[in-house]
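> This is work09.txt, which holds compact mmCIF, C-alpha atoms and all ligand atoms:
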```txt
# COMPACT_ATOMS: atom_id res chain seq x y z
CA MET A 12 7.46 18.59 -15.52
CA ILE A 13 7.79 19.96 -11.99
CA ASP A 14 8.07 17.30 -9.33
CA TRP A 15 6.16 18.62 -6.33
CA HIS A 16 7.12 15.64 -4.20
CA PHE A 17 9.68 16.37 -1.49
CA GLU A 18 11.70 13.17 -1.11
CA ARG A 19 12.12 11.39 2.20
CA THR A 20 14.67 8.88 1.01
CA ALA A 21 16.59 8.46 4.29
CA LEU A 22 13.43 7.37 6.10
CA ALA A 23 12.49 5.00 3.28
CA GLU A 24 15.97 3.46 3.44
CA HIS A 25 15.63 3.05 7.19
CA PHE A 26 12.43 1.05 6.66
CA LEU A 27 13.78 -1.15 3.90
CA ASN A 28 17.09 -1.79 5.62
CA ALA A 29 15.21 -3.09 8.64
CA PHE A 30 13.47 -5.61 6.37
CA ASP A 31 16.52 -6.46 4.25
CA THR A 32 18.66 -7.20 7.29
CA GLY A 33 15.92 -9.24 8.94
CA ILE A 34 15.68 -7.01 12.02
CA THR A 35 11.92 -7.00 11.74
CA GLY A 36 9.12 -8.12 9.45
CA SER A 37 6.76 -5.25 10.09
CA LEU A 38 6.81 -1.58 10.97
CA THR A 39 4.06 0.83 11.89
CA LEU A 40 4.16 4.42 10.77
CA PHE A 41 2.20 6.88 12.84
CA ALA A 42 1.26 10.49 12.08
CA PRO A 43 -1.94 12.47 12.40
CA ARG A 44 -3.98 12.91 9.24
CA ARG A 45 -2.67 15.01 6.35
CA MET A 46 0.94 14.76 7.51
CA GLY A 47 2.26 12.75 4.58
CA LYS A 48 1.91 9.04 5.40
CA SER A 49 0.33 7.96 2.12
CA GLU A 50 2.64 10.24 0.19
CA PHE A 51 5.61 8.60 1.91
CA LEU A 52 4.35 5.07 1.18
CA LEU A 53 3.54 5.72 -2.45
CA HIS A 54 6.29 8.14 -3.47
CA ASP A 55 9.27 7.22 -1.29
CA LEU A 56 9.02 3.73 0.13
CA ALA A 57 7.36 1.92 -2.78
CA PRO A 58 9.74 3.19 -5.50
CA LEU A 59 12.77 2.33 -3.40
CA ALA A 60 11.41 -1.14 -2.66
CA TYR A 61 10.48 -1.62 -6.32
CA GLY A 62 14.09 -0.80 -7.22
CA ARG A 63 15.20 -3.48 -4.74
CA LYS A 64 12.95 -6.01 -6.52
CA TYR A 65 10.14 -6.20 -3.99
CA GLN A 66 6.62 -6.91 -5.19
CA ILE A 67 4.54 -4.00 -3.99
CA CYS A 68 0.97 -4.18 -2.77
CA TYR A 69 -0.81 -1.06 -1.50
CA CYS A 70 -4.17 -1.00 0.21
CA SER A 71 -5.85 1.89 1.97
CA PHE A 72 -8.51 0.69 4.36
CA TRP A 73 -10.29 3.98 3.84
CA GLN A 74 -10.86 3.12 0.18
CA LEU A 75 -13.81 0.90 0.87
CA LYS A 76 -14.63 1.73 4.45
CA ASP A 77 -17.54 -0.67 4.81
CA ASN A 78 -15.71 -3.60 3.30
CA PRO A 79 -11.94 -3.55 3.96
CA ALA A 80 -11.60 -7.26 3.13
CA LYS A 81 -12.81 -6.60 -0.39
CA ALA A 82 -10.38 -3.69 -0.69
CA LEU A 83 -7.50 -5.89 0.40
CA ARG A 84 -8.52 -8.75 -1.86
CA HIS A 85 -8.63 -6.37 -4.79
CA ALA A 86 -5.20 -4.90 -3.96
CA LEU A 87 -3.67 -8.37 -3.63
CA GLU A 88 -5.21 -9.51 -6.90
CA GLU A 89 -3.75 -6.51 -8.67
CA CYS A 90 -0.34 -7.26 -7.19
CA VAL A 91 -0.47 -10.91 -8.22
CA GLU A 92 -1.64 -10.10 -11.74
CA ASN A 93 0.32 -6.97 -12.52
CA HIS A 94 3.99 -6.80 -11.56
CA ASP A 95 4.39 -3.33 -12.93
CA TRP A 96 4.05 -1.16 -9.86
CA LYS A 97 4.36 2.07 -11.83
CA SER A 98 1.27 1.34 -13.89
CA ARG A 99 -0.74 0.71 -10.69
CA LEU A 100 0.59 3.76 -8.86
CA SER A 101 -1.42 6.40 -10.73
CA ALA A 102 -4.70 4.70 -9.77
CA TYR A 103 -3.74 4.75 -6.09
CA ILE A 104 -2.80 8.41 -6.20
CA SER A 105 -6.07 9.57 -7.75
CA HIS A 106 -7.99 7.27 -5.43
CA SER A 107 -6.37 8.51 -2.22
CA GLY A 108 -7.22 12.08 -3.27
CA THR A 109 -10.91 11.24 -3.40
CA VAL A 110 -10.79 9.46 -0.08
CA GLU A 111 -9.11 12.36 1.69
CA LEU A 112 -11.74 14.70 0.35
CA LYS A 113 -14.53 12.53 1.65
CA SER A 114 -12.94 12.07 5.05
CA ASP A 115 -12.39 15.81 5.36
CA LEU A 116 -16.11 16.40 5.69
CA PRO A 117 -17.06 17.86 9.07
CA PRO A 118 -18.36 15.28 11.57
CA LEU A 119 -21.97 16.45 11.34
CA ALA A 120 -22.06 16.05 7.59
CA SER A 121 -20.49 12.60 7.82
CA LEU A 122 -23.34 11.50 10.10
CA THR A 123 -25.64 11.78 7.15
CA LEU A 124 -23.43 9.51 5.03
CA LYS A 125 -24.64 5.94 4.98
CA SER A 126 -22.30 3.59 6.78
CA ASN A 127 -23.08 -0.07 6.57
CA PRO A 128 -20.10 -2.21 7.58
CA GLU A 129 -20.15 -5.66 6.08
CA LYS A 130 -18.72 -8.82 7.55
CA PRO A 131 -16.11 -10.17 5.13
CA THR A 132 -17.48 -13.03 3.08
CA GLU A 133 -15.87 -16.45 3.39
CA ASN A 134 -15.02 -16.17 -0.27
CA ASP A 135 -13.07 -12.92 0.24
CA LEU A 136 -11.22 -14.30 3.27
CA LEU A 137 -10.24 -17.51 1.46
CA SER A 138 -9.09 -15.50 -1.54
CA ILE A 139 -6.92 -13.28 0.67
CA ILE A 140 -5.28 -16.37 2.20
CA ASP A 141 -4.67 -17.82 -1.25
CA LEU A 142 -3.30 -14.57 -2.72
CA ILE A 143 -0.89 -14.01 0.17
CA LYS A 144 0.29 -17.60 -0.22
CA ARG A 145 0.83 -17.09 -3.95
CA LEU A 146 2.87 -13.94 -3.34
CA ALA A 147 4.91 -15.65 -0.62
CA ARG A 148 5.79 -18.54 -2.95
CA ARG A 149 7.48 -16.24 -5.41
CA LYS A 150 11.21 -15.63 -5.27
CA ALA A 151 10.88 -11.88 -4.73
CA PRO A 152 9.78 -10.66 -1.31
CA THR A 153 6.55 -8.70 -1.01
CA LEU A 154 6.09 -5.33 0.60
CA LEU A 155 2.53 -4.95 1.80
CA LEU A 156 1.56 -1.35 2.51
CA LEU A 157 -1.56 -1.22 4.67
CA ASP A 158 -2.70 2.39 5.02
CA GLU A 159 -4.95 3.57 7.87
CA VAL A 160 -4.97 0.11 9.41
CA GLN A 161 -6.62 1.32 12.64
CA HIS A 162 -9.84 1.38 10.65
CA LEU A 163 -9.97 -2.41 11.15
CA SER A 164 -10.36 -1.91 14.89
CA THR A 165 -13.44 0.27 14.56
CA ARG A 166 -16.05 -2.43 13.92
CA PRO A 167 -16.66 -5.94 15.29
CA GLU A 168 -17.52 -6.94 11.71
CA PHE A 169 -13.84 -6.63 10.78
CA GLU A 170 -12.46 -8.90 13.52
CA SER A 171 -12.27 -11.98 11.31
CA LEU A 172 -10.08 -10.07 8.85
CA VAL A 173 -7.73 -8.94 11.64
CA ALA A 174 -7.46 -12.51 12.92
CA LEU A 175 -6.71 -13.77 9.43
CA LEU A 176 -3.98 -11.18 8.90
CA ARG A 177 -2.32 -12.07 12.20
CA THR A 178 -2.09 -15.72 11.20
CA GLU A 179 -1.04 -15.14 7.61
CA PHE A 180 1.66 -12.59 8.44
CA GLU A 181 3.08 -14.94 11.05
CA THR A 182 3.06 -17.89 8.63
CA HIS A 183 4.76 -15.97 5.82
CA ARG A 184 6.96 -13.65 7.85
CA LYS A 185 10.08 -14.57 5.85
CA LYS A 186 8.57 -13.41 2.56
CA ILE A 187 5.87 -10.84 3.34
CA TYR A 188 6.99 -7.57 4.89
CA VAL A 189 4.34 -5.25 6.17
CA VAL A 190 4.15 -1.52 6.78
CA PHE A 191 1.07 -0.41 8.64
CA THR A 192 0.14 3.24 8.88
CA GLY A 193 -2.24 4.79 11.32
CA SER A 194 -3.50 8.23 12.17
CA SER A 195 -4.88 7.37 15.59
CA ARG A 196 -2.60 6.12 18.36
CA GLU A 197 -5.56 4.77 20.26
CA GLY A 198 -6.84 2.90 17.20
CA LEU A 199 -3.41 1.39 16.58
CA MET A 200 -3.18 0.26 20.19
CA ARG A 201 -6.57 -1.42 19.87
CA MET A 202 -5.36 -3.17 16.72
CA PHE A 203 -2.14 -4.46 18.19
CA ARG A 204 -3.10 -5.22 21.75
CA ASP A 205 -3.27 -8.99 21.27
CA ARG A 206 0.04 -10.09 22.72
CA LYS A 207 -0.37 -13.58 21.36
CA ALA A 208 0.12 -12.20 17.87
CA PRO A 209 3.89 -11.98 17.46
CA MET A 210 3.89 -10.08 14.20
CA PHE A 211 1.48 -7.41 15.36
CA HIS A 212 3.04 -7.21 18.78
CA ALA A 213 6.58 -6.92 17.40
CA SER A 214 5.68 -4.21 14.92
CA GLN A 215 7.79 -1.29 16.01
CA GLN A 216 6.04 2.06 15.82
CA ILE A 217 7.85 4.90 14.08
CA ASP A 218 6.56 8.46 14.19
CA LEU A 219 6.68 10.17 10.82
CA PRO A 220 8.95 13.20 11.32
CA ASP A 221 7.28 16.56 10.72
CA LEU A 222 8.15 18.31 7.48
CA GLY A 223 10.24 21.43 8.12
CA SER A 224 11.99 24.36 6.52
CA GLU A 225 13.71 22.22 3.86
CA PHE A 226 10.29 21.16 2.67
CA VAL A 227 9.12 24.77 2.55
CA ALA A 228 12.21 25.79 0.57
CA TYR A 229 11.59 22.94 -1.86
CA MET A 230 7.96 23.97 -2.32
CA LEU A 231 8.95 27.60 -2.96
CA ASP A 232 11.40 26.41 -5.54
CA CYS A 233 8.68 24.41 -7.31
CA TYR A 234 6.36 27.38 -7.09
CA ALA A 235 9.00 29.65 -8.62
CA GLN A 236 9.46 27.20 -11.49
CA ALA A 237 5.72 27.06 -12.07
CA SER A 238 4.96 30.78 -11.84
CA SER A 239 8.30 32.62 -12.05
CA VAL A 240 7.32 34.28 -8.75
CA LYS A 241 9.83 34.09 -5.93
CA LEU A 242 8.32 34.10 -2.44
CA SER A 243 10.16 34.93 0.77
CA LEU A 244 11.47 31.82 2.49
CA VAL A 245 11.43 33.44 5.93
CA LYS A 246 7.79 34.48 5.60
CA ALA A 247 6.79 31.13 4.14
CA ILE A 248 8.40 29.27 7.03
CA LYS A 249 6.50 31.44 9.51
CA VAL A 250 3.21 30.67 7.77
CA PHE A 251 4.07 26.98 7.56
CA ASN A 252 4.93 26.78 11.27
CA ALA A 253 1.72 28.59 12.20
CA LEU A 254 -0.24 26.16 10.03
CA GLN A 255 1.50 23.16 11.54
CA ASN A 256 0.79 24.35 15.07
CA GLY A 257 -2.84 24.80 14.13
CA LEU A 258 -2.92 21.31 12.64
CA HIS A 259 -1.35 19.71 15.70
CA CYS A 260 -3.69 21.55 18.05
CA SER A 261 -6.78 20.47 16.14
CA THR A 262 -5.51 16.89 15.80
CA TYR A 263 -4.69 16.36 19.44
CA SER A 264 -7.53 18.35 20.98
N1 LIG B 301 6.81 14.61 0.90
C1 LIG B 301 5.85 15.42 0.43
N2 LIG B 301 6.09 16.22 -0.65
C2 LIG B 301 5.13 17.04 -1.12
N3 LIG B 301 3.91 17.15 -0.60
C3 LIG B 301 3.61 16.39 0.46
C4 LIG B 301 4.56 15.49 1.04
N4 LIG B 301 3.98 14.85 2.08
C5 LIG B 301 2.73 15.33 2.14
N5 LIG B 301 2.50 16.24 1.19
C6 LIG B 301 1.24 16.99 0.94
O1 LIG B 301 0.37 16.77 2.04
C7 LIG B 301 -0.85 16.17 1.59
C8 LIG B 301 -1.29 15.17 2.64
O2 LIG B 301 -0.42 14.07 2.64
P1 LIG B 301 -0.97 12.58 2.81
O3 LIG B 301 0.14 11.67 2.46
O4 LIG B 301 -2.25 12.41 2.07
O5 LIG B 301 -1.24 12.57 4.38
P2 LIG B 301 -1.77 11.37 5.28
O6 LIG B 301 -1.72 10.13 4.47
O7 LIG B 301 -0.85 11.36 6.47
O8 LIG B 301 -3.17 11.74 5.68
C9 LIG B 301 -0.51 15.52 0.24
O9 LIG B 301 -1.64 15.44 -0.59
C10 LIG B 301 0.52 16.48 -0.31
O10 LIG B 301 -0.11 17.59 -0.91
MG MG B 302 -3.30 8.89 3.85
```
For this file, write the structure as structure tokens.
Ligand SMILES: Nc1ncnc2c1ncn2[C@@H]1O[C@H](COP(=O)(O)OP(=O)(O)O)[C@@H](O)[C@H]1O
Ligand SMILES: [Mg+2]


Amino acid sequence: MIDWHFERTALAEHFLNAFDTGITGSLTLFAPRRMGKSEFLLHDLAPLAYGRKYQICYCSFWQLKDNPAKALRHALEECVENHDWKSRLSAYISHSGTVELKSDLPPLASLTLKSNPEKPTENDLLSIIDLIKRLARRKAPTLLLLDEVQHLSTRPEFESLVALLRTEFETHRKKIYVVFTGSSREGLMRMFRDRKAPMFHASQQIDLPDLGSEFVAYMLDCYAQASSVKLSLVKAIKVFNALQNGLHCSTYS
């Protein structure tokens, strides 16, 4: 089978080494949308961490936009109950595809979608505390991958969840390592502005490097394997660069 994933192993090692050596307990990965953050978490960082005996928990806060606490509770429960990361991975991949599709709707169309943010229930919050504690008690460290975390800063309803995470991550900082991702710098700043929260405050932000010509060459190679058609690398790079410029312009405008 053709593996369409272009590996970013060096970056994944950089992340894990920072945790393994105790330099930091949390890192924040920033890139605009559709630049490969989730792909990096699920296909590069998680497998490497799994190989180094981490327990892996992945939660995208765009999965259940109105109720991120429930999404996190569910992800933690899965992690506690099922150690086999590989068997959980396929569900996350198909799920993130659906989410991206939904969030790609133009703004006008999304206005017609019903949004009804819910305050986390006490039951969900207590369960999250308990599940994090259970993971932290185990011998193996836990890698918590929290995708599109800036979503938590978009509604006052989610403040209790943010406060809970601050406290829990600080309490269990020796056993729970966290990677946040975000696609809005402003949203991330809103999330992390509380200077009293050491773990949030200390989370170093890393910009996801843009994919480049090596990625294009890899994709052409996959395409050639799939179709037996060889495309021009020079032309493909030109198209890719033009596309990237377009993406950056639309993201930052
Ligand atoms: N390393 C990679 N190898 C192959 N394809 C990639 C890679 N990174 C991103 N992509 C492609 O770009 C799409 C968007 O990536 P994604 O991780 O969903 O972006 P983000 O999470 O930043 O919004 C993926 O569905 C995939 O098709
Ligand atoms: Mg994503």

> Nearest to Asp14 (chain A) among A:Arg196, A:Lys144, A:Arg99, A:His54, with distances taken over all atoms listed in the file: which residue is it?

A:His54

> May I have the residues within 9 Å of Lys241 (chain A) as a ChimeraX atom specification, using all atoms listed in the file and disregarding those fewer than 6 positions away in the same chain?

/A:231-232,234-235

> Between A:Pro58, A:Lys81, A:Pro43, A:Asn127, single out the one closest to Asp95 (chain A), counting only C-alpha atoms.

A:Pro58

> What's around Thr192 (chain A) at 12 Å? Count only C-alpha atoms, leave out sequence neighbours fewer than 4 positions away in its own chain, and write the answer as a ChimeraX atom specification.

/A:37-44,46-52,69-73,155-163,196,198-199,202,214-219

> Which is closer to Ser171 (chain A) than all the others in A:Val91, A:Ala228, A:Ala80, A:Leu244, using all atoms listed in the file?

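Looking at the shortest contact to Ser171 (chain A), the residue is A:Ala80.
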
> Which polymer residues have any atom within 12 Å of an atom of Thr32 (chain A), counting only C-alpha atoms, with same-chain residues fewer than 6 positions away left out, as a VMD selection string?

chain A and resid 24 to 26 185 188

> Which one of A:Phe17, A:Phe251, A:Tyr65, A:Trp96 sits closest to Thr153 (chain A) if you count only C-alpha atoms?

A:Tyr65

> With all atoms listed in the file as the atoms that count, which of A:Leu176, A:Leu100, A:Arg45, A:Pro152 lies nearest to Lys64 (chain A)?

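Among the listed residues, A:Pro152 lies closest to Lys64 (chain A).
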
> Which residue gives the smallest distance to Ile248 (chain A) among A:Arg184, A:Gly223, A:Cys233, A:Lys150, with all atoms listed in the file counted?

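For Ile248 (chain A), the nearest of the given residues is A:Gly223.
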